[in-house]
Each structure stands twice: as structure tokens, then as C-alpha cells.
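Q: So here's my_file04.csv (CSV, C-alpha atoms).
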```
chain,number,residue,atom,x,y,z
A,1,MET,CA,2.8,-26.8,16.4
A,2,LEU,CA,6.5,-25.8,16.3
A,3,LEU,CA,5.7,-23.2,13.6
A,4,ASN,CA,3.0,-21.7,15.7
A,5,GLN,CA,5.3,-21.4,18.7
A,6,GLN,CA,8.0,-19.7,16.5
A,7,PHE,CA,5.4,-17.3,15.2
A,8,TYR,CA,4.1,-16.4,18.6
A,9,THR,CA,7.6,-16.0,19.9
A,10,GLY,CA,8.5,-13.7,17.0
A,11,SER,CA,5.3,-11.7,17.5
A,12,GLY,CA,6.1,-11.2,21.1
A,13,ALA,CA,9.6,-10.0,20.3
A,14,LEU,CA,8.2,-7.7,17.6
A,15,LEU,CA,5.7,-6.2,20.0
A,16,LEU,CA,8.4,-5.5,22.6
A,17,LEU,CA,10.6,-3.8,20.0
A,18,LEU,CA,7.7,-1.7,18.8
A,19,LEU,CA,6.9,-0.6,22.4
A,20,TRP,CA,10.6,0.1,23.0
A,21,SER,CA,10.9,2.2,19.9
A,22,ALA,CA,7.7,4.2,20.8
A,23,VAL,CA,9.0,5.4,24.1
A,24,ALA,CA,11.3,8.2,22.9
A,25,PRO,CA,12.0,8.1,19.2
A,26,PHE,CA,14.3,10.7,17.7
A,27,ASP,CA,11.3,12.1,15.7
A,28,ARG,CA,7.8,11.0,16.2
A,29,THR,CA,6.6,11.6,12.6
A,30,THR,CA,9.7,9.7,11.2
A,31,TRP,CA,9.1,6.9,13.6
A,32,LEU,CA,5.5,6.5,12.5
A,33,LEU,CA,6.4,6.6,8.8
A,34,GLU,CA,9.1,4.1,9.2
A,35,ILE,CA,7.2,1.5,11.2
A,36,PHE,CA,4.0,1.9,9.2
A,37,PRO,CA,4.8,-1.1,6.9
A,38,VAL,CA,5.2,-3.2,10.1
A,39,LEU,CA,1.8,-2.1,11.3
A,40,LEU,CA,0.3,-3.2,8.0
A,41,ALA,CA,2.2,-6.4,7.5
A,42,TRP,CA,2.2,-8.1,10.8
A,43,PRO,CA,-1.5,-8.0,11.5
A,44,LEU,CA,-2.0,-9.5,8.1
A,45,LEU,CA,0.4,-12.3,8.9
A,46,TRP,CA,-1.4,-12.9,12.2
A,47,TRP,CA,-4.7,-13.1,10.4
A,48,THR,CA,-3.5,-15.5,7.8
A,49,ARG,CA,-1.2,-17.6,10.0
A,50,LYS,CA,-3.6,-20.6,9.9
A,51,SER,CA,-5.3,-20.2,6.5
A,52,TYR,CA,-2.1,-19.4,4.6
A,53,PRO,CA,1.0,-20.1,6.8
A,54,LEU,CA,4.3,-19.1,5.4
A,55,THR,CA,7.6,-21.0,5.6
A,56,PRO,CA,9.6,-20.4,8.8
A,57,LEU,CA,12.4,-18.9,6.7
A,58,LEU,CA,10.1,-16.3,5.3
A,59,TYR,CA,8.6,-15.4,8.7
A,60,ALA,CA,12.2,-15.0,10.1
A,61,LEU,CA,13.2,-12.7,7.2
A,62,ILE,CA,10.1,-10.6,7.6
A,63,LEU,CA,10.8,-10.3,11.3
A,64,LEU,CA,14.4,-9.2,10.5
A,65,HIS,CA,13.1,-6.7,8.0
A,66,ALA,CA,10.7,-5.3,10.6
A,67,LEU,CA,13.6,-5.0,13.1
A,68,VAL,CA,15.6,-2.9,10.6
A,69,LEU,CA,12.5,-0.6,10.0
A,70,ILE,CA,11.9,-0.3,13.8
A,71,LEU,CA,15.5,0.7,14.5
A,72,GLY,CA,15.4,3.2,11.6
A,73,GLY,CA,12.3,4.7,13.0
A,74,ALA,CA,13.5,4.9,16.6
A,75,TYR,CA,16.9,6.6,15.8
A,76,SER,CA,16.2,7.8,12.3
A,77,TYR,CA,18.3,6.1,9.6
A,78,ALA,CA,21.1,8.6,9.7
A,79,ARG,CA,21.6,8.1,13.5
A,80,VAL,CA,21.3,4.3,14.0
A,81,PRO,CA,24.4,3.3,16.1
A,82,LEU,CA,25.1,0.3,13.9
A,83,GLY,CA,25.6,2.6,11.0
A,84,PHE,CA,28.1,4.7,12.9
A,85,TRP,CA,30.1,1.5,13.8
A,86,LEU,CA,30.1,0.6,10.1
A,87,MET,CA,31.3,4.1,9.3
A,88,ASP,CA,34.3,3.7,11.6
A,89,TRP,CA,35.1,0.1,10.4
A,90,PHE,CA,35.0,1.0,6.7
A,91,ALA,CA,36.0,4.7,6.9
A,92,LEU,CA,32.8,5.8,5.3
A,93,GLU,CA,31.6,9.4,4.9
A,94,ARG,CA,27.9,8.7,5.6
A,95,ASN,CA,25.9,6.5,8.0
A,96,PRO,CA,25.1,3.5,5.7
A,97,TYR,CA,22.2,2.1,7.8
A,98,ASP,CA,19.8,3.5,5.2
A,99,LYS,CA,21.4,1.2,2.6
A,100,ILE,CA,21.0,-1.8,4.9
A,101,GLY,CA,17.3,-0.9,5.0
A,102,HIS,CA,17.0,-0.9,1.2
A,103,LEU,CA,19.1,-4.1,0.9
A,104,MET,CA,16.4,-5.7,3.1
A,105,GLN,CA,13.8,-4.1,1.0
A,106,GLY,CA,14.9,-6.5,-1.7
A,107,PHE,CA,16.1,-9.4,0.4
A,108,ALA,CA,12.9,-10.2,2.2
A,109,PRO,CA,10.2,-9.2,-0.3
A,110,VAL,CA,11.7,-11.2,-3.1
A,111,LEU,CA,11.1,-14.4,-1.1
A,112,VAL,CA,7.6,-13.3,-0.2
A,113,ALA,CA,6.9,-12.9,-4.0
A,114,ARG,CA,8.7,-16.2,-4.7
A,115,GLU,CA,6.6,-18.1,-2.2
A,116,ILE,CA,3.3,-16.7,-3.5
A,117,LEU,CA,4.2,-17.4,-7.1
A,118,LEU,CA,5.5,-20.9,-6.5
A,119,ARG,CA,2.7,-22.0,-4.1
A,120,GLY,CA,0.1,-20.7,-6.6
A,121,ALA,CA,1.9,-22.3,-9.5
A,122,TYR,CA,1.5,-19.0,-11.4
A,123,ILE,CA,4.7,-19.4,-13.4
A,124,TRP,CA,6.9,-22.3,-14.6
A,125,GLY,CA,10.6,-22.0,-15.5
A,126,GLN,CA,13.3,-20.9,-13.1
A,127,ARG,CA,14.7,-18.2,-15.4
A,128,MET,CA,11.4,-16.5,-16.0
A,129,LEU,CA,10.6,-16.8,-12.3
A,130,ASN,CA,13.8,-15.0,-11.2
A,131,PHE,CA,13.3,-12.4,-13.9
A,132,LEU,CA,9.8,-11.6,-12.7
A,133,LEU,CA,10.9,-11.6,-9.0
A,134,LEU,CA,13.6,-9.0,-9.7
A,135,CYS,CA,11.0,-6.9,-11.6
A,136,ILE,CA,8.7,-7.1,-8.6
A,137,VAL,CA,11.4,-6.0,-6.2
A,138,LEU,CA,12.3,-3.0,-8.4
A,139,ALA,CA,8.6,-2.1,-8.7
A,140,ILE,CA,8.3,-2.2,-4.9
A,141,SER,CA,11.5,-0.1,-4.5
A,142,ALA,CA,10.3,2.4,-7.1
A,143,THR,CA,6.9,2.7,-5.3
A,144,TYR,CA,8.7,3.3,-2.0
A,145,GLU,CA,10.8,6.1,-3.6
A,146,LEU,CA,7.6,7.7,-4.9
A,147,ILE,CA,6.2,7.5,-1.3
A,148,GLU,CA,9.4,9.2,-0.1
A,149,TRP,CA,9.0,11.9,-2.8
A,150,ALA,CA,5.4,12.5,-1.7
A,151,ALA,CA,6.4,12.8,1.9
A,152,ALA,CA,9.1,15.3,0.9
A,153,VAL,CA,6.5,17.4,-0.9
A,154,LEU,CA,3.9,17.2,1.9
A,155,LEU,CA,6.3,17.6,4.9
A,156,GLY,CA,8.9,19.8,3.4
A,157,GLN,CA,12.0,20.0,5.6
A,158,GLY,CA,10.3,17.8,8.1
A,159,ALA,CA,10.8,14.8,5.8
A,160,ASP,CA,14.6,15.0,5.9
A,161,GLU,CA,14.9,12.4,8.6
A,162,PHE,CA,12.5,10.0,6.8
A,163,LEU,CA,14.4,10.4,3.5
A,164,GLY,CA,17.8,9.8,5.1
A,165,THR,CA,19.6,11.2,2.1
A,166,GLN,CA,22.4,12.8,4.1
A,167,GLY,CA,23.1,15.2,1.2
A,168,TYR,CA,23.7,12.4,-1.3
A,169,ALA,CA,22.5,13.4,-4.7
A,170,TRP,CA,22.1,9.9,-6.1
A,171,ASP,CA,20.4,8.5,-3.0
A,172,THR,CA,17.2,7.4,-4.9
A,173,GLN,CA,19.2,5.4,-7.5
A,174,ALA,CA,21.4,3.9,-4.9
A,175,ASP,CA,18.4,2.8,-2.8
A,176,MET,CA,16.9,1.0,-5.8
A,177,GLY,CA,20.3,-0.5,-6.6
A,178,PHE,CA,20.7,-1.9,-3.1
A,179,ALA,CA,17.2,-3.4,-3.2
A,180,LEU,CA,18.1,-5.1,-6.4
A,181,LEU,CA,21.3,-6.4,-4.9
A,182,GLY,CA,19.4,-7.7,-1.8
A,183,ALA,CA,17.0,-9.6,-4.1
A,184,ILE,CA,19.8,-11.1,-6.1
A,185,LEU,CA,21.7,-12.2,-2.9
A,186,ALA,CA,18.5,-13.7,-1.4
A,187,LEU,CA,17.8,-15.7,-4.6
A,188,LEU,CA,21.4,-17.0,-4.8
A,189,LEU,CA,21.8,-17.8,-1.1
A,190,LEU,CA,18.4,-19.0,0.0
A,191,SER,CA,16.5,-20.4,-3.0
A,192,ARG,CA,17.3,-24.1,-2.2
A,193,TRP,CA,16.6,-23.7,1.5
A,194,HIS,CA,13.4,-22.0,0.6
A,195,ASP,CA,12.5,-24.8,-1.8
A,196,ARG,CA,13.0,-27.4,0.9
A,197,GLN,CA,10.8,-25.6,3.3
A,198,LEU,CA,8.1,-25.1,0.6
A,199,ALA,CA,8.1,-28.9,0.0
A,200,GLN,CA,7.9,-29.6,3.7
A,201,LEU,CA,5.0,-27.1,4.1
A,202,ALA,CA,3.1,-28.7,1.2
A,203,VAL,CA,3.4,-32.1,2.9
A,204,THR,CA,2.4,-30.7,6.3
```
Is it possible to give me this structure as C-alpha cells?
A:
Amino acid sequence: MLLNQQFYTGSGALLLLLLWSAVAPFDRTTWLLEIFPVLLAWPLLWWTRKSYPLTPLLYALILLHALVLILGGAYSYARVPLGFWLMDWFALERNPYDKIGHLMQGFAPVLVAREILLRGAYIWGQRMLNFLLLCIVLAISATYELIEWAAAVLLGQGADEFLGTQGYAWDTQADMGFALLGAILALLLLSRWHDRQLAQLAVT
């Protein structure tokens, strides 16, 4: 019951954020491209909330990841206010919000993959599990970079806001590096918490 309440509360907050972001985004095409993963993932989570409920930790991380995507879509990644604050605090030359997005691209999906692999008992052994999880995250990151490349080819200069490179020549490699870093941090910081919630979910 508590998990259902949390899920419905999170869904309501997500809907409000999506509506807010849709009112006057910086660029409508960029907004749609950035929030598209949210439009795919959350209906799937709603549909499977009873047949395959996830741990509360994972739902919270997915919601946080969705928030990062929605803000990036509303402002464009190079113009999110949080990024400008970080620029001032750390004396950076570029708005780093794009890197927060790619950090989350590893941080949340690695636990999605971990939950699926562990609940399905698809693999045994912690080292091999972690190795495969990092491979999965890098595959997701590389796929996203290919999508960005396709958008650049199809949209031309219109894809600049979606890409968010801000003139950085090594943006693609840095994006994948931050996704890998996010995955490593999530495994180091959250694995035990995740294990406890998985055990509780199995009992429930």
C-alpha cells in the first residue's frame, strides 16, 4: 500500500513537471527529444506497477533521472540555471548540466539493470554482475550518442541545443565517461541499500 502511494505521488509530481516544461520551453523540438525517454519509460512503469513492481529506491532514482531530463528539455542543457550556478561556484567555462544528465544516465539505469538481473537470477557472482552492469551502461550511453549523431545529421544546426556540446570537441567521450562514473558511484553507494529492498520486495 505504501509503495502504491509513493508511486502515485511520484507520478503526479512527474505529470506536473511535464506540464510545466511544456508551457514555454526554450526550443520545442529540443524539449520533445529530451523528454521522449520519460514518455516511453513512465507509461511502462505504470503498466507494470502491479505485475512487476520495482523497489522504492529504483522508482525514486528513475523519477530523479526524469526530472533531470525534463529540466534539460525545458531550458536546453546549456541554459539550465543550476548549471550556471555550478559554473560560478567552480569557475567553469561551460554549463556542466549536460554532464549531470549523463552522470544520471549511468546512475539510474545501472540499478534498473541490476534489479532485473538479480530478480531473474540471470547471473551469479558479484564481480561478473558488476562487470556486466558497467558494460550495459556503456552500451546504453553509446546508443544514446548514436541517437545524438543521427539527430545532428537529420536536423543539422537545429540539433545544437539537443546535443549541448557547447563547442567541446571531446563531448561524446566525456558523456560516456560520466555515464560510467555515475554507474560506478551507484554501485558503490547504493548496492547494499538496493539488496535490502530487493529482499523486502521478495518477502512482500
Q: Please indicate the distance in Å from atom CA of Ile136 of chain A to atom CA of Ala113 of chain A, rounded to one decimal place.
A: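 Atom CA of Ile136 of chain A sits 7.6 Å away from atom CA of Ala113 of chain A.
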Q: As an exercise, work out the distance from atom CA of Ala66 of chain A to atom CA of Gln5 of chain A in Å and give it to one decimal place.
A: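 Taking atom CA of Ala66 of chain A as the start and atom CA of Gln5 of chain A as the end point, the length is 18.8 Å.
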Q: Find the distance between atom CA of Tyr8 of chain A and atom CA of Leu39 of chain A and write it in Å to one decimal.
A: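 Separating atom CA of Tyr8 of chain A from atom CA of Leu39 of chain A is a distance of 16.2 Å.
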Q: Could you tell me, as a list in words, which residues have any atom at most 12 Å from (11.7, -24.6, 1.4), counting only C-alpha atoms?
A: Leu54, Thr55, Pro56, Leu57, Leu58, Leu111, Arg114, Glu115, Leu118, Arg119, Leu190, Ser191, Arg192, Trp193, His194, Asp195, Arg196, Gln197, Leu198, Ala199, Gln200, Leu201, Ala202 and Val203 of chain A
Q: As JSON, numbers by chain, please: the residues near Gly73 of chain A (cut-off 7 Å, all atoms listed in the file, same-chain neighbours under 4 positions excluded).
A: {"A": [30, 31, 34, 35, 69]}
Q: Could you list, as a PyMOL selection string, every residue within 12 Å of segment 11-14 of chain A, counting all atoms listed in the file and ignoring same-chain residues fewer than 3 positions away?
A: chain A and resi 4-8+17-21+35+38-39+41-43+45-46+49+59-60+62-71
Q: Can you pull out every residue within 9 Å of segment 88-97 of chain A, counting all atoms listed in the file, but drop anything in the same chain fewer than 2 positions away, and send it as a PyMOL selection string?
A: chain A and resi 68+72+77-86+99-102+166+168
Q: Report as a list in words all protein, DNA and RNA residues lying within 6 Å of segment 177-184 of chain A, evaluated on all atoms listed in the file, omitting residues in the same chain fewer than 4 positions from it.
A: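 Contacts, in chain order: His102, Leu103, Gln105, Gly106, Phe107 and Val110 of chain A.
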Q: How about saving the chosen residues, C-alpha atoms kept, as a compact mmCIF listing (two decimals), keeping the file's coordinate frame?
A:
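Written output follows (again_25.txt):
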```txt
# COMPACT_ATOMS: atom_id res chain seq x y z
CA HIS A 102 17.00 -0.90 1.20
CA LEU A 103 19.10 -4.10 0.90
CA GLN A 105 13.80 -4.10 1.00
CA GLY A 106 14.90 -6.50 -1.70
CA PHE A 107 16.10 -9.40 0.40
CA VAL A 110 11.70 -11.20 -3.10
```
Q: What's around Glu145 of chain A at 9 Å? Count all atoms listed in the file, leave out sequence neighbours fewer than 5 positions away in its own chain, and write the answer as a list of chain:residue names.
A: A:Ile140, A:Ala150, A:Thr172, A:Asp175, A:Met176
Q: Determine the nearest neighbour of Pro25 of chain A from the options A:Ser76, A:Thr48, A:Ser141, A:Asn130, counting all atoms listed in the file.
A: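 Distance minimum relative to Pro25 of chain A lands on A:Ser76.
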Q: As lines of an AutoDock Vina configuration file, please report the centre and edge lengths, rounded to one decimal in Å, of the axis-aligned box that holds all listed atoms of segment 176-183 of chain A with 5 Å of padding on each of the six sides.
A:
```
center_x = 19.1
center_y = -4.3
center_z = -4.2
size_x = 14.4
size_y = 20.6
size_z = 14.8
```
